[in-house]
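This is target_12.cif. It holds mmCIF, C-alpha atoms.
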data_protein
#
loop_
_atom_site.label_atom_id
_atom_site.label_comp_id
_atom_site.auth_asym_id
_atom_site.auth_seq_id
_atom_site.Cartn_x
_atom_site.Cartn_y
_atom_site.Cartn_z
CA MET E 1238 -14.55 -3.57 25.40
CA LEU E 1239 -15.04 -1.30 28.38
CA PRO E 1240 -13.24 -2.10 31.61
CA VAL E 1241 -15.50 -3.54 34.31
CA THR E 1242 -15.09 -0.48 36.53
CA MET E 1243 -16.30 1.79 33.75
CA LEU E 1244 -19.31 -0.41 33.13
CA MET E 1245 -20.13 -0.24 36.82
CA GLU E 1246 -19.76 3.53 36.85
CA GLN E 1247 -22.03 3.69 33.87
CA SER E 1248 -24.72 1.58 35.48
CA ASP E 1249 -24.41 3.76 38.57
CA MET E 1250 -24.91 6.79 36.39
CA THR E 1251 -27.97 5.35 34.68
CA SER E 1252 -29.53 4.54 38.03
CA ARG E 1253 -28.89 8.06 39.35
CA SER E 1254 -29.29 10.40 36.37
CA SER E 1255 -31.89 10.70 33.66
CA PRO E 1256 -31.39 8.71 30.43
CA ALA E 1257 -31.38 11.98 28.44
CA ILE E 1258 -27.90 12.75 29.74
CA VAL E 1259 -26.60 9.21 29.34
CA VAL E 1260 -27.54 8.79 25.67
CA PRO E 1261 -25.22 11.42 24.18
CA ALA E 1262 -22.40 10.13 26.34
CA MET E 1263 -22.98 6.63 24.98
CA SER E 1264 -23.00 7.78 21.37
CA GLU E 1265 -19.78 9.67 21.96
CA MET E 1266 -18.20 6.61 23.44
CA GLU E 1267 -19.20 4.64 20.35
CA ARG E 1268 -17.81 7.21 17.97
CA SER E 1269 -14.50 8.06 19.58
CA PRO E 1270 -12.66 4.72 19.25
CA GLU E 1271 -13.30 4.80 15.49
CA GLN E 1272 -11.94 8.35 15.27
CA ASP E 1273 -8.95 7.32 17.37
CA GLY E 1274 -8.33 4.35 15.09
CA ARG E 1275 -8.46 6.56 12.02
CA ASP E 1276 -6.02 9.05 13.55
CA PHE E 1277 -3.72 6.25 14.57
CA ALA E 1278 -3.74 4.73 11.08
CA ASN E 1279 -3.20 8.15 9.50
CA ALA E 1280 -0.27 8.80 11.82
CA ALA E 1281 1.22 5.35 11.33
CA TRP E 1282 1.16 5.69 7.53
CA SER E 1283 2.28 9.31 7.51
CA ILE E 1284 5.33 9.03 9.77
CA PRO E 1285 7.69 7.28 7.30
CA SER E 1286 6.57 9.65 4.57
CA TYR E 1287 7.24 12.69 6.78
CA LEU E 1288 10.65 11.37 7.86
CA ILE E 1289 11.72 10.78 4.26
CA SER E 1290 10.41 14.18 3.20
CA GLY E 1291 12.14 15.95 6.09
CA MET E 1292 15.45 14.34 5.24
CA ILE E 1293 15.11 15.14 1.53
CA ILE E 1294 14.08 18.78 2.03
CA TRP E 1295 16.49 19.80 4.77
CA GLY E 1296 19.23 17.31 3.95
CA GLY E 1297 19.00 18.57 0.36
CA SER E 1298 19.23 22.17 1.57
CA GLY E 1299 22.27 21.20 3.63
CA TRP E 1300 23.82 19.57 0.58
CA LEU E 1301 23.27 22.71 -1.50
CA LEU E 1302 24.72 24.81 1.31
CA SER E 1303 27.78 22.54 1.50
CA ARG E 1304 28.25 22.82 -2.27
CA TRP E 1305 28.08 26.58 -1.97
CA THR E 1306 30.28 27.07 1.09
CA GLY E 1307 32.46 23.95 0.86
CA VAL E 1308 31.63 23.02 4.46
CA HIS E 1309 30.58 19.34 4.34
CA ALA E 1310 29.19 19.40 7.87
CA PHE E 1311 26.03 21.04 6.51
CA ILE E 1312 24.87 17.72 4.99
CA PRO E 1313 24.50 15.73 8.25
CA ILE E 1314 23.26 18.87 10.04
CA GLY E 1315 20.58 19.28 7.37
CA ILE E 1316 19.52 15.61 7.51
CA LEU E 1317 19.24 15.64 11.29
CA THR E 1318 17.34 18.93 11.22
CA GLY E 1319 14.94 17.35 8.73
CA VAL E 1320 14.37 14.32 10.95
CA VAL E 1321 13.81 16.46 14.04
CA LEU E 1322 11.38 18.73 12.16
CA ALA E 1323 9.52 15.72 10.75
CA ILE E 1324 9.10 14.23 14.22
CA TYR E 1325 7.94 17.62 15.50
CA LEU E 1326 5.44 17.80 12.63
CA VAL E 1327 4.03 14.38 13.53
CA TYR E 1328 3.70 15.57 17.13
CA VAL E 1329 1.94 18.75 16.01
CA LYS E 1330 -0.52 16.89 13.77
CA TYR E 1331 -1.26 13.75 15.75
CA GLY E 1332 0.28 14.06 19.21
CA ARG E 1333 -1.42 17.10 20.65
CA MET Y 255 37.27 -18.14 -22.85
CA SER Y 256 35.53 -21.26 -24.10
CA ALA Y 257 36.54 -23.11 -20.92
CA LEU Y 258 34.99 -20.32 -18.88
CA THR Y 259 31.65 -20.49 -20.68
CA VAL Y 260 31.54 -24.27 -20.30
CA LEU Y 261 32.22 -23.88 -16.59
CA ALA Y 262 29.56 -21.16 -16.30
CA ALA Y 263 26.98 -23.39 -17.98
CA ASP Y 264 27.88 -26.10 -15.49
CA GLU Y 265 27.37 -23.98 -12.39
CA PHE Y 266 24.19 -23.00 -10.63
CA LYS Y 267 23.15 -19.50 -11.61
CA ALA Y 268 20.60 -17.66 -9.50
CA PRO Y 269 17.74 -16.11 -11.49
CA GLY Y 270 17.90 -12.33 -11.80
CA LEU Y 271 16.40 -9.43 -13.69
CA GLU Y 272 15.98 -11.47 -16.87
CA LEU Y 273 12.85 -12.88 -15.16
CA PHE Y 274 11.16 -9.55 -15.82
CA ASP Y 275 12.13 -9.15 -19.48
CA PHE Y 276 9.57 -10.54 -21.85
CA PRO Y 277 9.61 -10.65 -25.62
CA THR Y 278 6.46 -9.68 -27.50
CA LEU Y 279 3.86 -12.46 -27.46
CA TRP Y 280 4.62 -13.50 -31.03
CA ALA Y 281 7.08 -12.26 -33.62
CA GLY Y 282 5.66 -9.13 -35.21
CA ALA Y 283 3.27 -8.35 -32.35
CA PRO Y 284 3.10 -4.70 -31.22
CA PHE Y 285 6.06 -3.93 -28.95
CA TRP Y 286 3.83 -3.39 -25.91
CA LEU Y 287 1.99 -6.69 -26.19
CA THR Y 288 3.94 -8.82 -23.71
CA LYS Y 289 3.01 -11.40 -21.12
CA PRO Y 290 2.47 -8.91 -18.24
CA VAL Y 291 0.14 -6.85 -20.45
CA LEU Y 292 -1.78 -9.97 -21.41
CA LEU Y 293 -2.06 -10.94 -17.72
CA ALA Y 294 -3.24 -7.43 -16.82
CA ILE Y 295 -6.00 -7.63 -19.45
CA LEU Y 296 -6.88 -11.13 -18.29
CA SER Y 297 -7.07 -9.90 -14.66
CA SER Y 298 -9.42 -7.10 -15.63
CA LEU Y 299 -11.65 -9.60 -17.41
CA VAL Y 300 -11.60 -11.88 -14.36
CA VAL Y 301 -12.61 -9.00 -12.05
CA VAL Y 302 -15.34 -7.80 -14.44
CA GLY Y 303 -16.61 -11.35 -14.89
CA PHE Y 304 -16.57 -12.04 -11.17
CA CYS Y 305 -18.36 -8.83 -10.22
CA TRP Y 306 -20.87 -9.35 -13.03
CA SER Y 307 -21.77 -12.84 -11.90
CA ALA Y 308 -21.77 -11.81 -8.22
CA PHE Y 309 -23.63 -8.50 -8.37
CA GLY Y 310 -25.22 -8.42 -11.85
CA ASN Y 311 -28.41 -10.15 -10.84
CA PRO Y 312 -28.46 -10.05 -7.04
CA LYS Y 313 -30.85 -12.22 -5.05
CA LEU Y 314 -32.23 -11.28 -1.66
CA VAL Y 315 -30.84 -14.54 -0.30
CA PRO Y 316 -27.34 -14.70 -1.80
CA ARG Y 317 -26.12 -17.98 -3.29
CA GLY Y 318 -22.96 -19.16 -4.97
CA VAL Y 319 -20.79 -16.44 -6.48
CA GLN Y 320 -22.92 -13.70 -4.94
CA ASN Y 321 -22.04 -15.11 -1.50
CA ILE Y 322 -18.31 -14.84 -2.17
CA GLY Y 323 -18.74 -11.42 -3.73
CA GLU Y 324 -20.63 -10.14 -0.71
CA TYR Y 325 -17.92 -11.42 1.61
CA GLY Y 326 -15.41 -9.43 -0.42
CA TYR Y 327 -17.66 -6.39 -0.46
CA MET Y 328 -18.21 -6.50 3.29
CA PHE Y 329 -14.51 -6.94 3.93
CA VAL Y 330 -13.59 -3.90 1.83
CA ARG Y 331 -16.46 -1.84 3.25
CA ASP Y 332 -15.78 -2.62 6.92
CA GLN Y 333 -11.98 -2.82 6.90
CA VAL Y 334 -11.05 -0.31 4.20
CA ALA Y 335 -13.83 2.15 3.36
CA ARG Y 336 -15.67 2.85 6.62
CA PRO Y 337 -12.67 3.39 8.90
CA PHE Y 338 -11.37 6.15 6.62
CA LEU Y 339 -14.40 7.52 4.82
CA GLY Y 340 -17.12 7.17 7.46
CA LYS Y 341 -20.48 8.20 6.03
CA ASP Y 342 -19.00 8.72 2.54
CA ALA Y 343 -17.87 5.09 2.41
CA ASP Y 344 -20.66 3.80 0.15
CA ARG Y 345 -20.01 6.37 -2.55
CA TYR Y 346 -16.42 5.17 -3.03
CA MET Y 347 -17.06 1.45 -2.65
CA GLY Y 348 -17.08 0.94 -6.43
CA LEU Y 349 -13.58 2.32 -6.75
CA LEU Y 350 -12.17 0.66 -3.65
CA LEU Y 351 -13.68 -2.75 -4.38
CA SER Y 352 -12.38 -2.68 -7.96
CA LEU Y 353 -8.94 -1.61 -6.77
CA PHE Y 354 -8.80 -4.34 -4.15
CA PHE Y 355 -9.98 -7.14 -6.44
CA LEU Y 356 -7.86 -6.00 -9.39
CA VAL Y 357 -4.64 -5.72 -7.39
CA TRP Y 358 -5.33 -9.03 -5.68
CA ILE Y 359 -5.89 -10.84 -9.00
CA TRP Y 360 -2.78 -9.15 -10.43
CA ASN Y 361 -0.79 -10.48 -7.50
CA LEU Y 362 -2.37 -13.93 -7.62
CA MET Y 363 -1.13 -14.28 -11.20
CA GLY Y 364 2.27 -14.78 -9.58
CA VAL Y 365 1.34 -18.21 -8.23
CA VAL Y 366 -1.03 -19.47 -10.92
CA PRO Y 367 0.84 -22.29 -12.69
CA VAL Y 368 2.00 -21.47 -16.24
CA LEU Y 369 0.99 -17.79 -15.92
CA GLN Y 370 3.33 -17.26 -12.94
CA PHE Y 371 4.02 -13.58 -13.14
CA PRO Y 372 2.70 -11.01 -10.65
CA VAL Y 373 1.62 -8.13 -12.89
CA ALA Y 374 2.57 -5.50 -10.30
CA ALA Y 375 6.21 -6.65 -10.48
CA HIS Y 376 6.46 -4.20 -13.38
CA ILE Y 377 6.23 -0.77 -11.74
CA ALA Y 378 4.24 0.72 -14.63
CA PHE Y 379 1.10 -1.12 -13.53
CA PRO Y 380 0.93 -0.04 -9.87
CA ALA Y 381 2.14 3.42 -10.96
CA VAL Y 382 -0.94 3.89 -13.13
CA LEU Y 383 -3.28 2.90 -10.30
CA ALA Y 384 -1.42 5.14 -7.84
CA LEU Y 385 -1.65 8.05 -10.33
CA VAL Y 386 -5.41 7.54 -10.63
CA VAL Y 387 -5.77 7.70 -6.85
CA TYR Y 388 -3.40 10.69 -6.74
CA GLY Y 389 -5.48 12.54 -9.33
CA MET Y 390 -8.65 11.80 -7.38
CA LYS Y 391 -7.02 12.91 -4.15
CA ILE Y 392 -6.08 16.33 -5.55
CA TYR Y 393 -9.37 16.79 -7.42
CA LEU Y 394 -11.50 15.89 -4.40
CA GLY Y 395 -9.33 17.95 -2.08
CA MET Y 396 -9.71 21.06 -4.23
CA LYS Y 397 -13.42 20.41 -4.71
CA HIS Y 398 -14.21 19.96 -1.02
CA GLN Y 399 -11.73 22.36 0.57
CA GLY Y 400 -11.18 24.89 -2.22
CA ALA Y 401 -8.10 25.06 -4.44
CA LEU Y 402 -6.21 27.28 -1.99
CA GLY Y 403 -7.86 25.86 1.10
CA TYR Y 404 -6.72 22.35 0.22
CA PHE Y 405 -3.06 23.35 0.14
CA LYS Y 406 -3.48 25.64 3.13
CA ASN Y 407 -5.04 22.86 5.23
CA MET Y 408 -2.38 20.46 4.05
CA MET Y 409 0.68 22.61 4.59
CA PHE Y 410 -0.25 24.78 7.56
CA PRO Y 411 -1.49 22.85 10.61
CA PRO Y 412 -3.16 25.51 12.77
CA GLY Y 413 -1.86 26.93 16.03
CA LEU Y 414 1.86 27.32 15.40
CA PRO Y 415 4.05 30.43 15.44
CA LYS Y 416 4.53 31.75 11.89
CA PRO Y 417 8.31 31.14 11.48
CA ILE Y 418 7.79 27.44 12.20
CA TYR Y 419 5.70 27.12 9.02
CA VAL Y 420 8.72 28.03 6.93
CA LEU Y 421 10.39 24.90 8.30
CA LEU Y 422 7.40 22.54 8.25
CA ALA Y 423 5.38 23.50 5.16
CA PRO Y 424 7.96 22.15 2.64
CA ILE Y 425 8.02 18.82 4.47
CA GLU Y 426 4.22 18.60 4.36
CA PHE Y 427 4.13 19.47 0.68
CA LEU Y 428 6.81 16.98 -0.32
CA SER Y 429 5.29 14.26 1.86
CA ASN Y 430 1.74 14.62 0.55
CA MET Y 431 2.38 15.54 -3.05
CA ILE Y 432 5.40 13.45 -4.00
CA VAL Y 433 6.50 10.89 -1.42
CA ALA Y 434 3.01 9.53 -0.64
CA PRO Y 435 1.96 8.62 -4.22
CA PHE Y 436 5.46 7.36 -4.93
CA THR Y 437 5.51 4.99 -1.96
CA HIS Y 438 1.91 3.98 -2.73
CA ALA Y 439 3.07 2.48 -6.03
CA VAL Y 440 6.52 1.34 -4.92
CA ARG Y 441 5.25 -0.57 -1.88
CA LEU Y 442 3.13 -2.85 -4.07
CA PHE Y 443 5.75 -3.09 -6.82
CA ALA Y 444 8.67 -3.93 -4.53
CA ASN Y 445 6.76 -6.61 -2.62
CA MET Y 446 5.69 -8.38 -5.79
CA PHE Y 447 9.10 -7.97 -7.43
CA ALA Y 448 10.94 -9.43 -4.45
CA GLY Y 449 8.39 -12.20 -3.99
CA HIS Y 450 8.74 -13.27 -7.61
CA ILE Y 451 12.54 -13.42 -7.33
CA ILE Y 452 12.34 -15.45 -4.11
CA LEU Y 453 9.97 -18.00 -5.65
CA ALA Y 454 12.06 -18.21 -8.81
CA PHE Y 455 15.24 -18.66 -6.79
CA PHE Y 456 14.00 -21.54 -4.65
CA SER Y 457 12.32 -23.36 -7.51
CA MET Y 458 15.53 -22.93 -9.51
CA VAL Y 459 17.51 -24.47 -6.64
CA GLY Y 460 15.13 -27.44 -6.55
CA PHE Y 461 15.14 -27.89 -10.32
CA TRP Y 462 18.89 -27.56 -10.67
CA PHE Y 463 20.00 -29.88 -7.88
CA LEU Y 464 17.33 -32.55 -8.38
CA PHE Y 465 16.93 -32.64 -12.17
CA GLU Y 466 19.75 -30.83 -13.98
CA LYS Y 467 22.72 -31.91 -11.84
CA LEU Y 468 21.66 -34.66 -9.49
CA THR Y 469 24.54 -35.52 -7.13
CA PRO Y 470 24.54 -37.21 -3.69
CA LEU Y 471 25.67 -33.99 -2.00
CA GLY Y 472 23.43 -31.73 -4.05
CA ALA Y 473 20.22 -33.71 -3.59
CA PRO Y 474 19.49 -32.49 -0.02
CA VAL Y 475 19.97 -28.90 -1.22
CA GLY Y 476 17.49 -29.57 -3.99
CA VAL Y 477 14.98 -31.01 -1.52
CA LEU Y 478 15.44 -27.91 0.63
CA GLY Y 479 14.75 -25.80 -2.46
CA VAL Y 480 11.49 -27.63 -3.14
CA VAL Y 481 10.38 -27.37 0.50
CA PHE Y 482 11.14 -23.65 0.55
CA THR Y 483 9.37 -23.13 -2.75
CA ILE Y 484 6.21 -24.58 -1.21
CA ALA Y 485 6.59 -22.65 2.05
CA MET Y 486 7.34 -19.38 0.25
CA THR Y 487 4.38 -19.86 -2.09
CA GLY Y 488 2.17 -20.00 1.00
CA PHE Y 489 3.85 -16.90 2.36
CA GLU Y 490 3.44 -15.14 -0.98
CA LEU Y 491 -0.29 -15.90 -0.97
CA PHE Y 492 -0.50 -14.02 2.31
CA ILE Y 493 1.65 -11.11 1.06
CA GLN Y 494 -0.38 -10.87 -2.14
CA PHE Y 495 -3.59 -10.47 -0.18
CA LEU Y 496 -1.97 -8.09 2.30
CA GLN Y 497 -0.58 -5.80 -0.40
CA ALA Y 498 -3.91 -5.67 -2.25
CA PHE Y 499 -5.58 -4.76 1.05
CA LEU Y 500 -2.97 -2.10 1.84
CA PHE Y 501 -3.21 -0.59 -1.63
CA ALA Y 502 -6.97 -0.15 -1.27
CA LEU Y 503 -6.57 1.01 2.33
CA LEU Y 504 -4.10 3.74 1.41
CA ALA Y 505 -6.35 4.82 -1.47
CA ALA Y 506 -9.22 5.17 1.03
CA MET Y 507 -6.95 7.07 3.41
CA TYR Y 508 -5.86 9.56 0.74
CA ILE Y 509 -9.44 10.09 -0.45
CA GLY Y 510 -10.65 10.46 3.13
CA GLY Y 511 -7.96 13.05 3.81
CA SER Y 512 -9.15 15.07 0.82
CA LEU Y 513 -12.84 14.95 1.76
CA HIS Y 514 -12.31 16.26 5.28
CA ALA Y 515 -9.56 18.62 6.30
CA GLU Y 516 -7.53 17.25 9.17
CA HIS Y 517 -8.31 19.07 12.37
#

What would the structure in this file look like if it were written as structure tokens?
Amino acid sequence: MLPVTMLMEQSDMTSRSSPAIVVPAMSEMERSPEQDGRDFANAAWSIPSYLISGMIIWGGSGWLLSRWTGVHAFIPIGILTGVVLAIYLVYVKYGR
Amino acid sequence: MSALTVLAADEFKAPGLELFDFPTLWAGAPFWLTKPVLLAILSSLVVVGFCWSAFGNPKLVPRGVQNIGEYGYMFVRDQVARPFLGKDADRYMGLLLSLFFLVWIWNLMGVVPVLQFPVAAHIAFPAVLALVVYGMKIYLGMKHQGALGYFKNMMFPPGLPKPIYVLLAPIEFLSNMIVAPFTHAVRLFANMFAGHIILAFFSMVGFWFLFEKLTPLGAPVGVLGVVFTIAMTGFELFIQFLQAFLFALLAAMYIGGSLHAEH
């Protein structure tokens, strides 16, 4: 539902401007919540998947690196890097 | 040793993984012909029979089974297909409706007396459905975005400095190609598996303390078990529907993502 103020602005617009300008604006208003909902659902279902993947990829790389060098600190560093990158990826795809 | 086994037989033992091991239906039956397989076949027949009677000979003014079928159709179309597929929704309704009904009936088998086993509690069953959706996702993605374009759109969100892609592309690939189909199947499996154990546990508590070993102190525990069995059965009914809905919803989401590249 539109807030009352927006409805009032709209009716003001219709009274002042020609309907030809109002119609596309209306159709856009009808379409955008659906698109927003789809993006939100996509993001909501992708986030856990991205977080797990980030931890596996970069945590796994850290584990390999720790096996190679013997420095165990690479494992937590890798996992955290993966989480940070996954969150950044979600921001890039859905937040901007 | 013998004292121990006598004691063990006397004590309450919570049901465990043996709930999910079934012998073949009769001695000498093929090794794969077990109760879950029979229930899966039965579920398919139920879905086919239901859709046949609902949509086989449709009337302009729906009556009876067609009414129920159209409610189901409208639910899947408006809540699952259209939000993710938009104008392509109708083309995939056959798949999504079948998925939704089949998974729901599979799950409902968990609370039907005597049958009482949710088919999806064996991971092989949801895994096959998830693989079908996974295959469709990749096929449709390559068909609509090009074999290279599909992976490029998936792994390289536009507008980032090049070195960043080295860090992000592996995450995207793993997430879309491996983690997503895996969780698609496991989400349904784990919910049904856990639900079946919970129901078995509480009914076992009720049965044990009220019928097997009725004692003044144990009786209230048994009553609690029965009450929880009833409450949890209601809860399971909700979860069964929810998981069927989510399975179809995720299928629609994956297909939708393949049809149109994300911006």

Test item: residues at most 12 Å from Ile484 of chain Y, all atoms listed in the file, excluding those fewer than 6 positions along its chain, as number ranges by chain: Y: 365, 452-454, 456-457, 460, 477-478, 490-491

Residues matched by the PyMOL selection byres ((chain Y and resi 412) around 12) as a PyMOL selection string: (chain E and resi 1326+1329-1330+1333) or (chain Y and resi 406-411+413-416+418-419+422-423+515-517)

Å distance separating atom CA of Leu314 of chain Y from atom CA of Gly326 of chain Y, one decimal place: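 Between atom CA of Leu314 of chain Y and atom CA of Gly326 of chain Y the gap is 17.0 Å.
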
Selection result for the PyMOL selection byres ((chain E) within 9 of (chain Y)) on this file, as an MDAnalysis selection string: chainID E and resid 1271:1272 1274:1275 1278:1279 1282:1283 1286:1295 1319 1322:1323 1325:1326 1329:1330

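Taking atom CA of Ile392 of chain Y and atom CA of Ala506 of chain Y as the two end points, the separation is 13.3 Å.
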
Atom-to-atom span, atom CA of Phe499 of chain Y and atom CA of Phe354 of chain Y, Å: 6.1 Å

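Distance annotation: of Y:Val459, Y:Leu385, Y:Val481, Y:Leu351, the residue with the minimal separation from Val301 of chain Y is Y:Leu351; atom set is all atoms listed in the file.
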